[in-house]
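**Q** I am attaching a structure below and will ask some questions about it afterwards.
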Amino acid sequence: MAPFTFLEDIVLADAAFEATGDSPSELFESAAQAVIETLVDPRTVASTWHRIIERQDDDLASLLFDWLSDIVYLKDAEGVVFRTAEAVVSQDTASGIWRLRGALAGAPIDAGRHSLRADVKAVTKHLYEVSRGERSGKETWLARVVLDI
Amino acid sequence: MQLNTTMAVNRISDEIWEIPVSEKPGMLVPARIYATKQILTAMDSGVFEQVTNVACLPGIRRHALCMPDGHWGYGFPIGGVAAFDPREGIISPGGVGYDINCGMRLLRTDLTLADVQPKLDALMTELFRKVPAGVGSKGFVRLNRQEFDEVLRKGARWCIEQGYGWSEDLQRIEERGCIAGADPSKVSAHAVERGIGQLGTLGSGNHYLEVQVAADDRIFDLATAAKLGITGHDQIVVMVHCGSRGFGHQVASDYLKVFEKAMKRYGISVKDQQLACAPFRSPEGQDYFTAMNCAANSAFANRQIITHRIREAFATVFGRSAEELGMHIIYDVAHNIAKVERYEEGDLVVHRKGATRAFGPGSPELPDIYRETGQPVICGGSMETGSYLLVGTDRAMHETFGSTMHGSGRTMSRAQAKRSVRGEQLQQRMAARGIIVKAVSMSGLAEEAGFAYKNISEVVETVDLAGITKKVAELRPIGNIKG
């Protein structure tokens with residue numbers, strides 16, 4: 001199964017996707033990659049810029065929302081587009097708190113070199129959902145996200 | 001009549017339709033949609049659902065309204081207008097949108113198509129160089145935090161003080177380009193970091209800069225057109241559609257989060273999470289209002305810096321100053337904003353989301369030059385079709401809180417548009433029709449193809465027939481810059 005699929009016709013003027021993973025870490029990577037690919041063709045972006053993001057939240061859906069929002073923020077604040085996103089997500093068994101350590105790699109925006117796509121304004125809460133399920137006896141995680149373009 | 005809703009939709013007139021409060025639990029006022037039968041039939045189900053959700057919000061007055069270019073949006077429908085009592089009503093970022101003070105600006109020139117056609121390619125190349133567009137683009141104005149705070153407080157007035165425009169420009173901008181009560185201490189560091197480098201940039205999506213022609217046969221009211229600066233004879237004008245860029249997007253995102261928590265505290269429940277709101281007079285409501293005003297001012301400043309660059313580009317290409325070329329602003333209007341305005345009921349917090357202010361003749365808020373004509377209203381069509389210049393009416397003041405439509409609205413998803421045409425193909429096809437397009441993103445260009453949008457002329461006819469704005473001129477594109 002592809003790590004993410006763009007959903008058509010949910011939002012005419014914007015972009016929506018469904019991301020999946022066998023673990024929260026995979027889910028966070030898949031969803032981040034979908035945001036990255038909305039902005040740019042990552043194959044045209046080098047990895048000359050790096051950023052580590054650490055966050056925690058007692059709600060996994062909120063943690064994912066903030067992680068994706070970080071990507072949108074860094075695109076403008078740092079003037080970069082991205083090639084890859086890696087994520088390690090774990091839950092503290094005692095407190096139940098979810099922790100994220102994410103690593104973004106990319107490069108300063110260069111319209112001549114990068115195949116730029118749509119500028120994302122925001123991650124929205126419209127139809128936003130993070131769920132845990134099972135596929136062929138294996139745990140699977142799914143997120144549905146709508147981006148304002 | 002087959003509509004995309006099971007709710008009762010009653011005819012008030014040929015252009016006004018009403019959904020009574022009995023159609024959804026919690027509705028405090030009826031919802032009214034401005035549309036011809038044909039437009040109403042084509043409206044998506046989201047419009048009916050969302051305009052009736054808005055009708056449930058605390059403190060709403062008279063009606064929840066939707067204009068004929070209405071379609072599904074986040075929280076409010078695009079094309080949504082609603083007014084709330086400031087004492088018992090709310091303010092909602094969902095009624096403004098992520099792109100705070102996204103709006104339209106129109107500049108006139110003394111040039112004609114015959115003057116511009118031979119140099120059109122050079123002009124579009126120069127405009128493309130001078131006005132950055134596309135993902136994360138940065139402008140030429142370098143500011144420190146203190147200077148950026150001044151932009152947020154003063155809006156377009158800051159630009160004029162810095163030499164990016166003419167002093168006469170201000171009277172030709174809604175609110176004279178500066179909304180009072182903008183407090184930069186109420187915006188996050190993230191918002192500032194996103195926006196501080198982006199003044200004078202277009203962005204992407206449906207934002208554009210367009211060189212257009214006002215032909216004699218597309219002027220509908222010669223006397224009013226002349227008073228607005230439209231002289232016809234294939235006159236060249238320039239239209240800009242953009243907003244507050246990353247700064248405004250972050251303000252909206254920040255306060256949606258604040259309001260989600262505040263709603264619990266104030267015991268407000270809403271039908272859609274994107275309608276998160278707070279009482280207007282609450283600390284959260286006032287903080288958002290003042291932060292939103294900062295974003296609105298940054299958008300006025302953004303369009304002012306772009307105007308400065310457009311004037312420079314024309315001066316370079318035509319070898320005459322912008323003053324000699326008669327490059328006056330016709331008007332600048334916001335179509336994503338919330339403002340306190342006075343109506344029969346007293347002061348109201350009017351939300352316009354994908355809707356334009358359209359004050360009628362004699363309104364004290366209008367500058368002397370437009371007191372007689374009514375406020376100019378600028379409505380952008382798709383990049384392949386025309387756009388319109390209209391004027392506000394008395395009727396809008398009584399019926400729609402001085403509001404009207406803003407554009408054409410999509411009918412096709414971005415993905416479907418991309419499957420239907422490639423950006424390069426579209427660029428060639430438009431060139432063959434005499435429209436030069438410069439785009440940062442070819443996939444983004446394909447997404448904005450004309451066939452992905454409603455026919456703007458039908459929408460304009462509706463507001464004209466309903467009498468809430470009167471059409472003045474249609475403007476045909478010959479050059480377009482996209483992000």
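How things are named: the first chain in the structure tokens is A, the next is B, and so on; residues count from 1 in each chain; ligands count from 1 in the order shown.
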Could you give me, as a PyMOL selection string, each residue of chain A that DSSP assigns to helix (DSSP H, G or I) when run on this structure's backbone?

**A** chain A and resi 24-39+42-44+60-77

**Q** Those residues you just picked out, can you put them in a file as a CSV table (one decimal), in the first residue's frame with N, CA and C atoms?

**A**
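The resulting file, again19.csv, is shown below:
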```csv
chain,number,residue,atom,x,y,z
A,24,PRO,N,3.1,4.5,14.4
A,24,PRO,CA,3.0,6.0,14.4
A,24,PRO,C,4.2,6.6,13.7
A,25,SER,N,5.4,6.1,13.9
A,25,SER,CA,6.6,6.7,13.2
A,25,SER,C,6.4,6.7,11.7
A,26,GLU,N,6.0,5.5,11.1
A,26,GLU,CA,5.8,5.5,9.7
A,26,GLU,C,4.7,6.4,9.2
A,27,LEU,N,3.6,6.5,10.1
A,27,LEU,CA,2.5,7.4,9.7
A,27,LEU,C,3.0,8.8,9.6
A,28,PHE,N,3.8,9.2,10.6
A,28,PHE,CA,4.3,10.6,10.6
A,28,PHE,C,5.2,10.9,9.4
A,29,GLU,N,6.0,9.9,9.0
A,29,GLU,CA,6.8,10.1,7.8
A,29,GLU,C,6.0,10.1,6.6
A,30,SER,N,5.0,9.3,6.5
A,30,SER,CA,4.1,9.3,5.3
A,30,SER,C,3.4,10.6,5.1
A,31,ALA,N,2.8,11.1,6.2
A,31,ALA,CA,2.0,12.3,6.1
A,31,ALA,C,2.9,13.5,5.8
A,32,ALA,N,4.1,13.5,6.4
A,32,ALA,CA,5.1,14.6,6.1
A,32,ALA,C,5.4,14.6,4.6
A,33,GLN,N,5.7,13.4,4.1
A,33,GLN,CA,6.0,13.3,2.7
A,33,GLN,C,4.9,13.8,1.8
A,34,ALA,N,3.7,13.5,2.2
A,34,ALA,CA,2.5,14.1,1.4
A,34,ALA,C,2.5,15.6,1.4
A,35,VAL,N,2.8,16.2,2.5
A,35,VAL,CA,2.9,17.7,2.6
A,35,VAL,C,4.1,18.2,1.7
A,36,ILE,N,5.2,17.5,1.8
A,36,ILE,CA,6.4,17.9,1.0
A,36,ILE,C,6.1,17.8,-0.5
A,37,GLU,N,5.4,16.7,-0.9
A,37,GLU,CA,5.1,16.5,-2.3
A,37,GLU,C,4.0,17.5,-2.8
A,38,THR,N,3.2,18.0,-1.9
A,38,THR,CA,2.3,19.1,-2.3
A,38,THR,C,3.0,20.3,-2.7
A,39,LEU,N,4.1,20.6,-2.0
A,39,LEU,CA,4.9,21.8,-2.2
A,39,LEU,C,5.8,21.7,-3.4
A,42,PRO,N,10.1,16.4,-4.7
A,42,PRO,CA,11.3,16.3,-3.8
A,42,PRO,C,12.5,15.7,-4.6
A,43,ARG,N,12.3,15.1,-5.7
A,43,ARG,CA,13.5,14.6,-6.5
A,43,ARG,C,14.3,15.7,-7.0
A,44,THR,N,13.8,16.9,-7.1
A,44,THR,CA,14.6,18.1,-7.6
A,44,THR,C,15.2,18.9,-6.4
A,60,LEU,N,-2.1,11.9,20.1
A,60,LEU,CA,-1.3,11.6,18.9
A,60,LEU,C,-1.7,12.5,17.7
A,61,ALA,N,-3.1,12.7,17.6
A,61,ALA,CA,-3.6,13.4,16.5
A,61,ALA,C,-3.1,14.9,16.5
A,62,SER,N,-3.0,15.5,17.7
A,62,SER,CA,-2.5,16.8,17.9
A,62,SER,C,-1.0,16.9,17.6
A,63,LEU,N,-0.3,15.8,18.0
A,63,LEU,CA,1.1,15.8,17.7
A,63,LEU,C,1.4,15.7,16.2
A,64,LEU,N,0.6,14.9,15.5
A,64,LEU,CA,0.8,14.9,14.0
A,64,LEU,C,0.4,16.2,13.4
A,65,PHE,N,-0.7,16.8,13.8
A,65,PHE,CA,-1.1,18.1,13.3
A,65,PHE,C,0.0,19.2,13.5
A,66,ASP,N,0.6,19.2,14.6
A,66,ASP,CA,1.7,20.2,14.9
A,66,ASP,C,3.0,19.9,14.1
A,67,TRP,N,3.2,18.6,13.9
A,67,TRP,CA,4.4,18.2,13.0
A,67,TRP,C,4.2,18.7,11.6
A,68,LEU,N,3.0,18.5,11.1
A,68,LEU,CA,2.8,18.9,9.7
A,68,LEU,C,2.8,20.4,9.6
A,69,SER,N,2.2,21.1,10.6
A,69,SER,CA,2.2,22.5,10.7
A,69,SER,C,3.6,23.1,10.7
A,70,ASP,N,4.5,22.4,11.4
A,70,ASP,CA,5.9,22.8,11.5
A,70,ASP,C,6.6,22.9,10.1
A,71,ILE,N,6.2,21.9,9.2
A,71,ILE,CA,6.7,21.9,7.9
A,71,ILE,C,6.3,23.1,7.1
A,72,VAL,N,5.0,23.5,7.2
A,72,VAL,CA,4.4,24.6,6.6
A,72,VAL,C,5.1,25.9,7.1
A,73,TYR,N,5.3,26.0,8.4
A,73,TYR,CA,6.0,27.1,9.0
A,73,TYR,C,7.4,27.3,8.5
A,74,LEU,N,8.2,26.2,8.5
A,74,LEU,CA,9.6,26.3,8.1
A,74,LEU,C,9.7,26.6,6.6
A,75,LYS,N,8.8,26.2,5.8
A,75,LYS,CA,8.8,26.6,4.4
A,75,LYS,C,8.9,28.1,4.2
A,76,ASP,N,8.1,28.8,5.0
A,76,ASP,CA,8.1,30.3,4.9
A,76,ASP,C,9.2,30.9,5.7
A,77,ALA,N,9.3,30.5,7.0
A,77,ALA,CA,10.2,31.1,7.9
A,77,ALA,C,11.7,30.9,7.5
```

**Q** I'd like the neighbourhood of Lys125 in chain A as an mmCIF file with N, CA and C atoms, in the first residue's frame, where a residue qualifies if any of its atoms comes within 12 Å (using only C-alpha atoms), though same-chain residues fewer than 5 positions away should be ignored.

**A**
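Generated output (out.cif):
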```
data_model
loop_
_atom_site.group_PDB
_atom_site.id
_atom_site.type_symbol
_atom_site.label_atom_id
_atom_site.label_comp_id
_atom_site.auth_asym_id
_atom_site.auth_seq_id
_atom_site.Cartn_x
_atom_site.Cartn_y
_atom_site.Cartn_z
ATOM 1 N N ALA A 16 -6.124 17.243 -0.366
ATOM 2 C CA ALA A 16 -6.398 16.336 0.753
ATOM 3 C C ALA A 16 -5.642 15.034 0.511
ATOM 4 N N ALA A 61 -3.069 12.660 17.597
ATOM 5 C CA ALA A 61 -3.588 13.446 16.465
ATOM 6 C C ALA A 61 -3.077 14.888 16.536
ATOM 7 N N SER A 62 -3.025 15.451 17.731
ATOM 8 C CA SER A 62 -2.516 16.817 17.887
ATOM 9 C C SER A 62 -1.023 16.869 17.563
ATOM 10 N N LEU A 64 0.614 14.936 15.458
ATOM 11 C CA LEU A 64 0.774 14.862 14.002
ATOM 12 C C LEU A 64 0.420 16.217 13.367
ATOM 13 N N PHE A 65 -0.676 16.829 13.846
ATOM 14 C CA PHE A 65 -1.114 18.121 13.310
ATOM 15 C C PHE A 65 0.013 19.155 13.462
ATOM 16 N N ASP A 66 0.641 19.177 14.639
ATOM 17 C CA ASP A 66 1.703 20.162 14.887
ATOM 18 C C ASP A 66 2.957 19.864 14.056
ATOM 19 N N LEU A 68 3.038 18.453 11.067
ATOM 20 C CA LEU A 68 2.780 18.884 9.688
ATOM 21 C C LEU A 68 2.770 20.419 9.601
ATOM 22 N N SER A 69 2.227 21.055 10.648
ATOM 23 C CA SER A 69 2.210 22.523 10.663
ATOM 24 C C SER A 69 3.627 23.086 10.735
ATOM 25 N N VAL A 130 -7.147 10.820 12.760
ATOM 26 C CA VAL A 130 -6.047 9.863 12.906
ATOM 27 C C VAL A 130 -6.647 8.624 13.558
ATOM 28 N N ALA A 143 -4.121 8.433 8.657
ATOM 29 C CA ALA A 143 -4.479 9.839 8.906
ATOM 30 C C ALA A 143 -5.104 10.425 7.653
ATOM 31 N N ARG A 144 -6.171 11.221 7.852
ATOM 32 C CA ARG A 144 -6.742 11.959 6.731
ATOM 33 C C ARG A 144 -6.543 13.449 7.012
ATOM 34 N N VAL A 145 -5.962 14.136 6.030
ATOM 35 C CA VAL A 145 -5.550 15.530 6.248
ATOM 36 C C VAL A 145 -5.978 16.382 5.055
ATOM 37 N N VAL A 146 -6.496 17.575 5.343
ATOM 38 C CA VAL A 146 -6.830 18.534 4.289
ATOM 39 C C VAL A 146 -5.925 19.755 4.449
ATOM 40 N N LEU A 147 -5.269 20.140 3.358
ATOM 41 C CA LEU A 147 -4.372 21.301 3.371
ATOM 42 C C LEU A 147 -5.049 22.467 2.657
ATOM 43 N N ASP A 148 -4.945 23.656 3.233
ATOM 44 C CA ASP A 148 -5.468 24.840 2.548
ATOM 45 C C ASP A 148 -4.382 25.346 1.596
ATOM 46 N N TYR B 74 -13.957 26.315 4.528
ATOM 47 C CA TYR B 74 -13.717 25.821 5.888
ATOM 48 C C TYR B 74 -14.571 26.633 6.849
ATOM 49 N N GLY B 75 -15.522 26.002 7.519
ATOM 50 C CA GLY B 75 -16.397 26.719 8.449
ATOM 51 C C GLY B 75 -17.492 27.452 7.694
ATOM 52 N N GLY B 94 -13.046 31.186 11.144
ATOM 53 C CA GLY B 94 -13.700 30.438 10.061
ATOM 54 C C GLY B 94 -14.579 31.321 9.200
ATOM 55 N N SER B 253 -4.233 30.170 11.815
ATOM 56 C CA SER B 253 -3.968 28.856 12.432
ATOM 57 C C SER B 253 -3.817 28.989 13.942
ATOM 58 N N LEU B 256 -7.276 29.679 15.623
ATOM 59 C CA LEU B 256 -8.207 28.537 15.589
ATOM 60 C C LEU B 256 -7.934 27.642 16.796
ATOM 61 N N LYS B 257 -6.651 27.476 17.099
ATOM 62 C CA LYS B 257 -6.242 26.664 18.242
ATOM 63 C C LYS B 257 -6.701 27.305 19.558
ATOM 64 N N GLU B 260 -10.491 26.926 19.920
ATOM 65 C CA GLU B 260 -10.961 25.570 20.239
ATOM 66 C C GLU B 260 -11.041 25.390 21.749
ATOM 67 N N ASP B 272 -19.266 22.626 13.362
ATOM 68 C CA ASP B 272 -18.101 22.262 12.566
ATOM 69 C C ASP B 272 -16.881 22.846 13.284
ATOM 70 N N GLN B 273 -15.854 21.999 13.475
ATOM 71 C CA GLN B 273 -14.666 22.435 14.218
ATOM 72 C C GLN B 273 -14.028 23.688 13.600
ATOM 73 N N GLN B 274 -14.194 23.833 12.280
ATOM 74 C CA GLN B 274 -13.602 24.994 11.598
ATOM 75 C C GLN B 274 -14.407 26.271 11.855
ATOM 76 N N LEU B 275 -15.509 26.159 12.612
ATOM 77 C CA LEU B 275 -16.268 27.361 13.002
ATOM 78 C C LEU B 275 -15.882 27.808 14.413
ATOM 79 N N ALA B 276 -14.755 27.292 14.916
ATOM 80 C CA ALA B 276 -14.293 27.670 16.253
ATOM 81 C C ALA B 276 -14.384 29.184 16.406
#
```

**Q** Could you tell me which residues of chain B sit within 10 Å of chain A when counting only C-alpha atoms, and give me the result as a PyMOL selection string?

**A** chain B and resi 71-75+97-99+133-138+190-198+203-206+245-250+252-253+256-257+272-274+409-416+440-445+447-448+452+483

**Q** If you count only C-alpha atoms, which residues fall within 10 Å of Thr48 in chain A, apart from same-chain ones fewer than 6 positions away, as a ChimeraX atom specification?

**A** /A:82-83,105-108

**Q** Need the shell around Val151 in chain B: protein/DNA/RNA residues with any atom at most 12 Å away, counting only C-alpha atoms. Skip same-chain ones fewer than 2 positions apart. Format as a PyMOL selection string?

**A** chain B and resi 141-149+153-162+177-179+182-184+192+195-196+199+244+247+293-302+304-305

**Q** Taking 4 positions as the minimum chain separation for residues in the same chain, which residues sit within 12 Å of Asp115 in chain B when counting only C-alpha atoms? Answer as a list in words.

**A** Thr109, Asp110, Leu111, Lys119, Leu120, Leu123, Val213, His233, Asp234, Gln235, Ile236, Phe314, Val317, Phe318 and Leu325 of chain B

**Q** Quote the spacing between CA of Tyr266 in chain B and CA of Val350 in chain B in Å to one decimal place.

**A**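 Between CA of Tyr266 in chain B and CA of Val350 in chain B the gap is 21.1 Å.
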
**Q** Within 6 Å of range 326-338 of chain B, counting only C-alpha atoms, which residues qualify if same-chain residues fewer than 5 places away don't, as a PDB file with C-alpha atoms, in the first residue's frame?

**A**
```pdb
ATOM      1  CA  VAL B  96     -12.558  35.224   7.632  1.00  0.00           C
ATOM      2  CA  ILE B 100      -6.762  37.248   6.002  1.00  0.00           C
ATOM      3  CA  ASN B 101      -7.510  40.269   3.771  1.00  0.00           C
ATOM      4  CA  CYS B 102      -7.051  38.334   0.616  1.00  0.00           C
ATOM      5  CA  GLY B 103      -8.274  40.975  -1.788  1.00  0.00           C
ATOM      6  CA  MET B 104      -8.241  42.645  -5.169  1.00  0.00           C
ATOM      7  CA  ARG B 105      -6.548  45.779  -6.411  1.00  0.00           C
ATOM      8  CA  LEU B 106      -7.068  47.455  -9.773  1.00  0.00           C
ATOM      9  CA  LEU B 107      -4.783  50.059 -11.362  1.00  0.00           C
ATOM     10  CA  ARG B 108      -5.624  52.102 -14.434  1.00  0.00           C
ATOM     11  CA  THR B 109      -3.233  53.397 -17.092  1.00  0.00           C
ATOM     12  CA  ASP B 110      -3.430  55.823 -20.025  1.00  0.00           C
ATOM     13  CA  ARG B 172      -8.361  54.504  -3.059  1.00  0.00           C
ATOM     14  CA  ILE B 173      -7.946  51.603  -0.612  1.00  0.00           C
ATOM     15  CA  GLU B 174     -10.629  50.179   1.702  1.00  0.00           C
ATOM     16  CA  VAL B 350     -19.518  41.781   9.850  1.00  0.00           C
ATOM     17  CA  HIS B 351     -17.665  38.706   8.595  1.00  0.00           C
ATOM     18  CA  ARG B 352     -16.988  38.494   4.862  1.00  0.00           C
ATOM     19  CA  LYS B 353     -15.349  35.331   3.597  1.00  0.00           C
ATOM     20  CA  GLY B 354     -14.956  35.319  -0.156  1.00  0.00           C
ATOM     21  CA  ALA B 355     -17.304  38.302  -0.203  1.00  0.00           C
ATOM     22  CA  THR B 356     -16.575  41.951  -0.932  1.00  0.00           C
TER      23      THR B 356
END
```

**Q** Determine which residues of range 63-140 of chain A receive a DSSP assignment of strand (DSSP E or B), computed from the backbone, and state them as JSON, numbers by chain.

**A** {"A": [80, 81, 82, 83, 84, 85, 86, 87, 88, 89, 90, 91, 98, 99, 100, 101, 102, 103, 104, 105, 106, 107, 108, 116, 122, 123, 124, 125, 126, 127, 128, 129, 130, 131, 132, 133, 134, 135, 138, 139, 140]}

**Q** Point out the residue among A:Trp49, A:Ala103, A:Gly137, A:Phe4 with the least atom-to-atom distance to Ala87 in chain A, counting only C-alpha atoms.

**A**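 Ranked by minimum distance to Ala87 in chain A, first place goes to A:Ala103.
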
**Q** Give me the residues near Ile16 in chain B as a VMD selection string, where near means some atom within 9 Å (using only C-alpha atoms) and where sequence neighbours in that chain fewer than 6 positions away do not count.

**A** chain B and resid 10 32 to 36 466

**Q** Grab the CA of Glu175 in chain B to CA of Gly285 in chain B distance for me, in Å with one decimal place.

**A**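 Separation between CA of Glu175 in chain B and CA of Gly285 in chain B: 21.2 Å.
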
**Q** How many Å separate CA of Ala82 in chain B from CA of Leu28 in chain B?

**A**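 Distance between the two atoms: 12.2 Å.
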
**Q** Select, from B:Gly381, B:Ile310, B:Ser321, B:Gly467, the residue with the minimum atom-to-atom distance to Gly360 in chain B, counting only C-alpha atoms.

**A**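 Using only C-alpha atoms, Gly360 in chain B sits closest to B:Gly467.
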